[in-house]
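Student: Have a look at the structure that comes next, please.
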Amino acid sequence: MSEANEIKMGRAVTNAVDNESSPRHRWYPIKEGFSPTLVSDSLKELDESQRKSALAIEPFSGSGTAPVECTRLGVDCLGLEVNPFLAFVGRTKLRQADPEMLRCNRERVLLGLRNPVVSPLEDHSTFCEGNGKDKWLFNRNVLRTFTGGWNAIAECSSTHRDFLRLALVRATMENCNAYPDGKCLRYKRLKNYSCFNAASVIAKFEHYCDQIEEDLAAQPFTQVLSRVECMDARKLKNFEENRRFDFCVTSPPYLNSFDYSDVYRPELFLTGAVTNNQELMQIRLRTVRSHVQADWTAPVQNSFGVHYAKIIADLQTRREKLWTNRILDMVQAYFEDMESLLTTLGQRANPNALLKIAVGTSAYGGVVVPVDFILAEIAEKVGWELKDVQVVRRIRSSAQNWKHQNDDKRVPELRESLIVLRYPKY
Ligand SMILES: C[S@@+](CC[C@H](N)C(=O)[O-])C[C@H]1O[C@@H](n2cnc3c(N)ncnc32)[C@H](O)[C@@H]1O
């Protein structure tokens with residue numbers, strides 16, 4: 001394992017450090033994203049001839065950081081993303097339109113925003129106030145303003161709709177009474193939420209439209225062959241794409257029991273990607289098994305190398321100290337999913353293809369799971385050549401995963417690493 005000279009306790013390229021300020025990426029940055037710099041720096045590791053015709057793949061596209069950065073640097077990228085809202089975000093960031101025309105269409109949406117419309121979400125769960133609720137996600141005037149604008153976008157030209165939708169969802173989420181915080185939505189600490197209203201949605205919408213227009217003019221994307229497919233990366237085996245890839249920088253869901261599809265519940269409902277909890281559950285079941293709430297099928301394989309064997313034995317001895325008895329299954333299922341994906345990626349790789357996996361370690365019941373080492377071992381087993389495991393960041397672990405059973409009250413340090421691989425193993 002190599003350690004970069006300066007290992008940070010703070011944020012590193014495995015985090016969305018500069019996404020808020022980078023053109024296109026800033027249209028909808030996400031907390032669990034990585035930095036475009038990780039992608040651009042890694043592309044420099046391809047040799048000249050490889051780069052000329054390189055195809056990149058990103059099985060966990062998220063907000064589209066890799067597809068967008070590859071495209072900016074002239075490399076086609078196939079992105080896969082299971083969450084329909086995030087797939088939409090990634091796709092929209094790859095689109096091009098005339099900024100002047102976008103501005104004309106914006107005016108239509110502003111008319112819609114100024115004419116609020118009753119939202120079908122007003123009676124759904126905790127989306128809106130009423131029925132004695134003491135907390136709700138959106139004030140009624142915010143939801144109605146959103147709906148007025150959303151309906152107006154349907155009247156705009158098809159080339160411009162997605163940009164306007166993205167700006168409107170972002171504006172509405174900034175006017176949400178809660179924000180994503182790790183595995184859940186947390187209510188903002190405010191005396192009251194009256195600062196979120198029609199006027200504040202409109203102001204934010206204008207702001208994000210300005211940003212998009214500015215970036216479309218300053219960083220136009222022409223002849224984009226990159227795309228983002230909304231699909232389960234574990235089904236890549238059956239996916240029709242004749243070309244093999246040369247480059248992949250990716251970050252799978254961490255083994256941290258977070259279910260991000262739940263965190264994106266507001267966006268999924270606002271955009272109509274789901275209309276009820278059953279549909280949301282279908283998305284959750286298509287995600288990598290890194291969480292415990294969804295009732296996924298139990299794993300069957302359990303041979304993932306010596307690091308895995310050791311931590312599974314440790315976890316078993318502490319079974320009754322784990323906060324849910326599904327942790328053991330989840331750990332096994334996670335590596336089963338990742339082994340299957342690493343195998344398929346190998347089958348779809350060109351000789352000397354570069355694969356970098358950004359991942360964090362986890363802790364359960366006092367046992368640190370060295371996800372980076374285990375994935376490195378699995379990758380070698382399925383034919384990849386391990387070049388390095390680079391530690392890029394140290395993190396304090398969540399006390400929840402440690403406090404029940406530690407003998408010495410010490411909270412372990414976790415890390416984020418980059419696993420560097422080439423295909424095949426010679
Ligand atoms: C750590 S995030 C990736 C963030 C991305 N690198 C970025 O910069 O925005 C992991 C992503 O994997 C997605 N995901 C989880 N399971 C998946 C699956 N089976 N197939 C495709 N995507 C999946 C999640 O929805 C999430 O967006």
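Naming scheme: A, B, ... for chains in displayed order of the structure tokens; residues 1 onward per chain; ligands 1 onward as shown.
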Which chain A residues have any atom within 9 Å of an atom of ligand 1, and for each, what is the nearest pair of atoms with distance in Å to one decimal, counting only C-alpha atoms and all ligand atoms, rows sorted by chain and number, as JSON lines?
Tutor:
{"residue": "A:Thr14", "atom": "CA", "partner": "ligand 1", "partner_atom_place_in_ligand_line": "6 (N)", "distance": 8.4}
{"residue": "A:Asn15", "atom": "CA", "partner": "ligand 1", "partner_atom_place_in_ligand_line": "8 (O)", "distance": 7.9}
{"residue": "A:Ala16", "atom": "CA", "partner": "ligand 1", "partner_atom_place_in_ligand_line": "8 (O)", "distance": 6.8}
{"residue": "A:Asn19", "atom": "CA", "partner": "ligand 1", "partner_atom_place_in_ligand_line": "8 (O)", "distance": 8.6}
{"residue": "A:His25", "atom": "CA", "partner": "ligand 1", "partner_atom_place_in_ligand_line": "8 (O)", "distance": 8.9}
{"residue": "A:Pro29", "atom": "CA", "partner": "ligand 1", "partner_atom_place_in_ligand_line": "9 (O)", "distance": 7.0}
{"residue": "A:Ile30", "atom": "CA", "partner": "ligand 1", "partner_atom_place_in_ligand_line": "9 (O)", "distance": 6.0}
{"residue": "A:Lys31", "atom": "CA", "partner": "ligand 1", "partner_atom_place_in_ligand_line": "9 (O)", "distance": 7.9}
{"residue": "A:Glu32", "atom": "CA", "partner": "ligand 1", "partner_atom_place_in_ligand_line": "1 (C)", "distance": 5.0}
{"residue": "A:Gly33", "atom": "CA", "partner": "ligand 1", "partner_atom_place_in_ligand_line": "8 (O)", "distance": 3.2}
{"residue": "A:Phe34", "atom": "CA", "partner": "ligand 1", "partner_atom_place_in_ligand_line": "8 (O)", "distance": 4.2}
{"residue": "A:Ser35", "atom": "CA", "partner": "ligand 1", "partner_atom_place_in_ligand_line": "8 (O)", "distance": 6.5}
{"residue": "A:Pro36", "atom": "CA", "partner": "ligand 1", "partner_atom_place_in_ligand_line": "8 (O)", "distance": 7.6}
{"residue": "A:Glu58", "atom": "CA", "partner": "ligand 1", "partner_atom_place_in_ligand_line": "6 (N)", "distance": 8.1}
{"residue": "A:Pro59", "atom": "CA", "partner": "ligand 1", "partner_atom_place_in_ligand_line": "21 (C)", "distance": 5.7}
{"residue": "A:Phe60", "atom": "CA", "partner": "ligand 1", "partner_atom_place_in_ligand_line": "12 (O)", "distance": 4.0}
{"residue": "A:Ser61", "atom": "CA", "partner": "ligand 1", "partner_atom_place_in_ligand_line": "5 (C)", "distance": 5.0}
{"residue": "A:Gly62", "atom": "CA", "partner": "ligand 1", "partner_atom_place_in_ligand_line": "27 (O)", "distance": 3.4}
{"residue": "A:Ser63", "atom": "CA", "partner": "ligand 1", "partner_atom_place_in_ligand_line": "9 (O)", "distance": 3.7}
{"residue": "A:Gly64", "atom": "CA", "partner": "ligand 1", "partner_atom_place_in_ligand_line": "9 (O)", "distance": 5.3}
{"residue": "A:Thr65", "atom": "CA", "partner": "ligand 1", "partner_atom_place_in_ligand_line": "8 (O)", "distance": 4.4}
{"residue": "A:Ala66", "atom": "CA", "partner": "ligand 1", "partner_atom_place_in_ligand_line": "8 (O)", "distance": 6.6}
{"residue": "A:Gly79", "atom": "CA", "partner": "ligand 1", "partner_atom_place_in_ligand_line": "21 (C)", "distance": 8.8}
{"residue": "A:Leu80", "atom": "CA", "partner": "ligand 1", "partner_atom_place_in_ligand_line": "21 (C)", "distance": 5.4}
{"residue": "A:Glu81", "atom": "CA", "partner": "ligand 1", "partner_atom_place_in_ligand_line": "22 (N)", "distance": 3.9}
{"residue": "A:Val82", "atom": "CA", "partner": "ligand 1", "partner_atom_place_in_ligand_line": "21 (C)", "distance": 4.1}
{"residue": "A:Asn83", "atom": "CA", "partner": "ligand 1", "partner_atom_place_in_ligand_line": "25 (O)", "distance": 4.9}
{"residue": "A:Pro84", "atom": "CA", "partner": "ligand 1", "partner_atom_place_in_ligand_line": "25 (O)", "distance": 8.5}
{"residue": "A:Leu86", "atom": "CA", "partner": "ligand 1", "partner_atom_place_in_ligand_line": "27 (O)", "distance": 6.4}
{"residue": "A:Ala87", "atom": "CA", "partner": "ligand 1", "partner_atom_place_in_ligand_line": "27 (O)", "distance": 8.3}
{"residue": "A:Gly90", "atom": "CA", "partner": "ligand 1", "partner_atom_place_in_ligand_line": "9 (O)", "distance": 8.3}
{"residue": "A:Cys230", "atom": "CA", "partner": "ligand 1", "partner_atom_place_in_ligand_line": "21 (C)", "distance": 7.6}
{"residue": "A:Met231", "atom": "CA", "partner": "ligand 1", "partner_atom_place_in_ligand_line": "21 (C)", "distance": 5.9}
{"residue": "A:Asp232", "atom": "CA", "partner": "ligand 1", "partner_atom_place_in_ligand_line": "20 (N)", "distance": 3.5}
{"residue": "A:Ala233", "atom": "CA", "partner": "ligand 1", "partner_atom_place_in_ligand_line": "20 (N)", "distance": 3.7}
{"residue": "A:Arg234", "atom": "CA", "partner": "ligand 1", "partner_atom_place_in_ligand_line": "19 (N)", "distance": 5.5}
{"residue": "A:Lys235", "atom": "CA", "partner": "ligand 1", "partner_atom_place_in_ligand_line": "19 (N)", "distance": 8.0}
{"residue": "A:Leu236", "atom": "CA", "partner": "ligand 1", "partner_atom_place_in_ligand_line": "20 (N)", "distance": 8.9}
{"residue": "A:Val249", "atom": "CA", "partner": "ligand 1", "partner_atom_place_in_ligand_line": "6 (N)", "distance": 8.2}
{"residue": "A:Thr250", "atom": "CA", "partner": "ligand 1", "partner_atom_place_in_ligand_line": "6 (N)", "distance": 5.8}
{"residue": "A:Ser251", "atom": "CA", "partner": "ligand 1", "partner_atom_place_in_ligand_line": "1 (C)", "distance": 4.9}
{"residue": "A:Pro252", "atom": "CA", "partner": "ligand 1", "partner_atom_place_in_ligand_line": "10 (C)", "distance": 4.7}
{"residue": "A:Pro253", "atom": "CA", "partner": "ligand 1", "partner_atom_place_in_ligand_line": "10 (C)", "distance": 4.3}
{"residue": "A:Tyr254", "atom": "CA", "partner": "ligand 1", "partner_atom_place_in_ligand_line": "1 (C)", "distance": 6.6}
{"residue": "A:Asp259", "atom": "CA", "partner": "ligand 1", "partner_atom_place_in_ligand_line": "24 (C)", "distance": 8.4}
{"residue": "A:Tyr260", "atom": "CA", "partner": "ligand 1", "partner_atom_place_in_ligand_line": "25 (O)", "distance": 6.1}
{"residue": "A:Ser261", "atom": "CA", "partner": "ligand 1", "partner_atom_place_in_ligand_line": "25 (O)", "distance": 6.3}
{"residue": "A:Ile283", "atom": "CA", "partner": "ligand 1", "partner_atom_place_in_ligand_line": "16 (N)", "distance": 8.9}
{"residue": "A:Arg284", "atom": "CA", "partner": "ligand 1", "partner_atom_place_in_ligand_line": "16 (N)", "distance": 8.2}
{"residue": "A:Leu285", "atom": "CA", "partner": "ligand 1", "partner_atom_place_in_ligand_line": "19 (N)", "distance": 8.5}
{"residue": "A:Arg286", "atom": "CA", "partner": "ligand 1", "partner_atom_place_in_ligand_line": "19 (N)", "distance": 5.4}
{"residue": "A:Thr287", "atom": "CA", "partner": "ligand 1", "partner_atom_place_in_ligand_line": "16 (N)", "distance": 3.4}
{"residue": "A:Val288", "atom": "CA", "partner": "ligand 1", "partner_atom_place_in_ligand_line": "16 (N)", "distance": 4.1}
{"residue": "A:Arg289", "atom": "CA", "partner": "ligand 1", "partner_atom_place_in_ligand_line": "16 (N)", "distance": 7.5}
{"residue": "A:Ser290", "atom": "CA", "partner": "ligand 1", "partner_atom_place_in_ligand_line": "16 (N)", "distance": 8.3}
{"residue": "A:Asp337", "atom": "CA", "partner": "ligand 1", "partner_atom_place_in_ligand_line": "19 (N)", "distance": 8.3}
{"residue": "A:Ala358", "atom": "CA", "partner": "ligand 1", "partner_atom_place_in_ligand_line": "1 (C)", "distance": 8.4}
{"residue": "A:Val359", "atom": "CA", "partner": "ligand 1", "partner_atom_place_in_ligand_line": "1 (C)", "distance": 8.2}
Student: Find the residues around Cys176 of chain A up to 9 Å (only C-alpha atoms counted), leave out those fewer than 6 positions away in its own chain, and share them as an MDAnalysis selection string.
Tutor: chainID A and resid 136:139 142 187:188 193 196 266
Student: Using only C-alpha atoms, find each residue of segment 53-114 of chain A with at least one atom at most 12 Å away from an atom of segment 201-213 of chain A; report its shortest atom-to-atom pair and that distance in Å (one decimal), sort the rows by chain and rising residue number, and return the result as a Markdown table.
Tutor:
| residue | atom | partner | partner_atom | distance |
| --- | --- | --- | --- | --- |
| A:Thr92 | CA | A:Ile212 | CA | 10.4 |
| A:Lys93 | CA | A:Ile212 | CA | 9.2 |
| A:Leu94 | CA | A:Ile212 | CA | 11.7 |
| A:Arg95 | CA | A:Ile212 | CA | 10.7 |
| A:Gln96 | CA | A:Glu213 | CA | 10.0 |
| A:Ala97 | CA | A:Glu213 | CA | 8.8 |
| A:Asp98 | CA | A:Glu213 | CA | 8.2 |
| A:Pro99 | CA | A:Glu213 | CA | 4.8 |
| A:Glu100 | CA | A:Glu213 | CA | 7.7 |
| A:Met101 | CA | A:Glu213 | CA | 9.5 |
| A:Leu102 | CA | A:Glu213 | CA | 7.2 |
| A:Arg103 | CA | A:Glu213 | CA | 7.5 |
| A:Cys104 | CA | A:Glu213 | CA | 11.1 |
| A:Asn105 | CA | A:Cys209 | CA | 10.4 |
| A:Arg106 | CA | A:Cys209 | CA | 7.6 |
| A:Glu107 | CA | A:Glu206 | CA | 9.7 |
| A:Val109 | CA | A:Phe205 | CA | 9.6 |
| A:Leu110 | CA | A:Ile202 | CA | 7.3 |
| A:Leu111 | CA | A:Ile202 | CA | 10.2 |
| A:Gly112 | CA | A:Ile202 | CA | 10.3 |
| A:Leu113 | CA | A:Ile202 | CA | 6.9 |
| A:Arg114 | CA | A:Ile202 | CA | 8.3 |
Student: Could you find all residues in segment 202-372 of chain A that DSSP calls alpha helix (DSSP H) from the backbone, and write them as an MDAnalysis selection string?
Tutor: chainID A and resid 202:218 260:263 265:270 277:286 306:317 327:347 371:372
Student: As a ChimeraX atom specification, please: every residue in segment 311-418 of chain A that a backbone DSSP assignment puts in strand (DSSP E or B).
Tutor: /A:349-360,362-364,367-369,385-396,413-418
Student: Nearest residue to Glu240 of chain A out of A:Pro412, A:Leu78, A:Val17, A:Thr147, using only C-alpha atoms?
Tutor: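 Checking each of A:Pro412, A:Leu78, A:Val17, A:Thr147 against Glu240 of chain A, counting only C-alpha atoms, the winner is A:Leu78.
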Student: I'd like to know which of A:Thr126, A:Ser53, A:Gln282, A:Ser226 is closest to Asn177 of chain A, using only C-alpha atoms.
Tutor: A:Thr126
Student: Determine, counting only C-alpha atoms, which protein, DNA and RNA residues have an atom within 9 Å of an atom of segment 386-388 of chain A; residues of the same chain fewer than 5 positions away are not included. Present the result as a ChimeraX atom specification.
Tutor: /A:1-2,376-377,379-380,418-423,425
Student: Go through A:Phe247, A:Tyr334, A:Phe88, A:Phe221 one by one, measure the shortest atom-to-atom distance of each to Arg161 of chain A using only C-alpha atoms, and give the residue with the smallest value.
Tutor: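 Comparing A:Phe247, A:Tyr334, A:Phe88, A:Phe221 against Arg161 of chain A, the winner is A:Phe88.
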Student: List the neighbours of Lys381 of chain A out to 12 Å using only C-alpha atoms; skip same-chain residues closer than 4 positions along the sequence, and give me the result as number ranges by chain.
Tutor: A: 303-306, 339-340, 342-343, 346, 374-377, 385-386, 423-425
Student: Name the residues in contact with Arg140 of chain A at a cut-off of 10 Å, using only C-alpha atoms, excluding same-chain residues fewer than 2 positions from it; report them as a list in words.
Tutor: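 With the cut-off at 10 Å, the set is Pro116, Val118, Ser119, Leu121, Glu122, Phe127, Cys128, Glu129, Gly130, Trp136, Leu137, Phe138, Val142, Leu143, Arg144, Thr145, Phe146, Phe196, Asn197 and Ala198 of chain A.
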Student: Go ahead and save the picked residues with C-alpha atoms, as a PDB file, in the first residue's frame.
Tutor:
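Result written to part09.pdb:
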ATOM      1  CA  PRO A 116     -48.742  28.555  -8.710  1.00  0.00           C
ATOM      2  CA  VAL A 118     -51.751  22.673  -6.828  1.00  0.00           C
ATOM      3  CA  SER A 119     -49.209  19.854  -6.602  1.00  0.00           C
ATOM      4  CA  LEU A 121     -47.503  15.768  -3.862  1.00  0.00           C
ATOM      5  CA  GLU A 122     -49.278  17.995  -1.338  1.00  0.00           C
ATOM      6  CA  PHE A 127     -43.967  16.407   1.425  1.00  0.00           C
ATOM      7  CA  CYS A 128     -46.134  19.290   2.559  1.00  0.00           C
ATOM      8  CA  GLU A 129     -47.665  20.883   5.646  1.00  0.00           C
ATOM      9  CA  GLY A 130     -51.133  19.963   6.982  1.00  0.00           C
ATOM     10  CA  TRP A 136     -42.634  18.756   6.278  1.00  0.00           C
ATOM     11  CA  LEU A 137     -40.219  18.937   3.365  1.00  0.00           C
ATOM     12  CA  PHE A 138     -41.700  21.771   1.340  1.00  0.00           C
ATOM     13  CA  VAL A 142     -42.826  26.275  -2.664  1.00  0.00           C
ATOM     14  CA  LEU A 143     -44.467  23.110  -4.022  1.00  0.00           C
ATOM     15  CA  ARG A 144     -47.093  25.070  -5.944  1.00  0.00           C
ATOM     16  CA  THR A 145     -44.510  27.414  -7.431  1.00  0.00           C
ATOM     17  CA  PHE A 146     -42.470  24.400  -8.501  1.00  0.00           C
ATOM     18  CA  PHE A 196     -38.628  29.397   1.698  1.00  0.00           C
ATOM     19  CA  ASN A 197     -41.357  30.738  -0.527  1.00  0.00           C
ATOM     20  CA  ALA A 198     -42.324  31.514  -4.133  1.00  0.00           C
TER      21      ALA A 198
END
Student: Which residue out of A:His160, A:Pro120, A:Gly74, A:Arg265 has the minimum interatomic distance to Gly148 of chain A when only C-alpha atoms are used?
Tutor: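 Nearest to Gly148 of chain A: A:Pro120.
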Student: Using only C-alpha atoms, pick whichever of A:Val371, A:Ala217, A:Val389, A:Ile311 has the shortest atom-to-atom distance to Pro23 of chain A.
Tutor: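 Of all the options, A:Ala217 lies closest to Pro23 of chain A.
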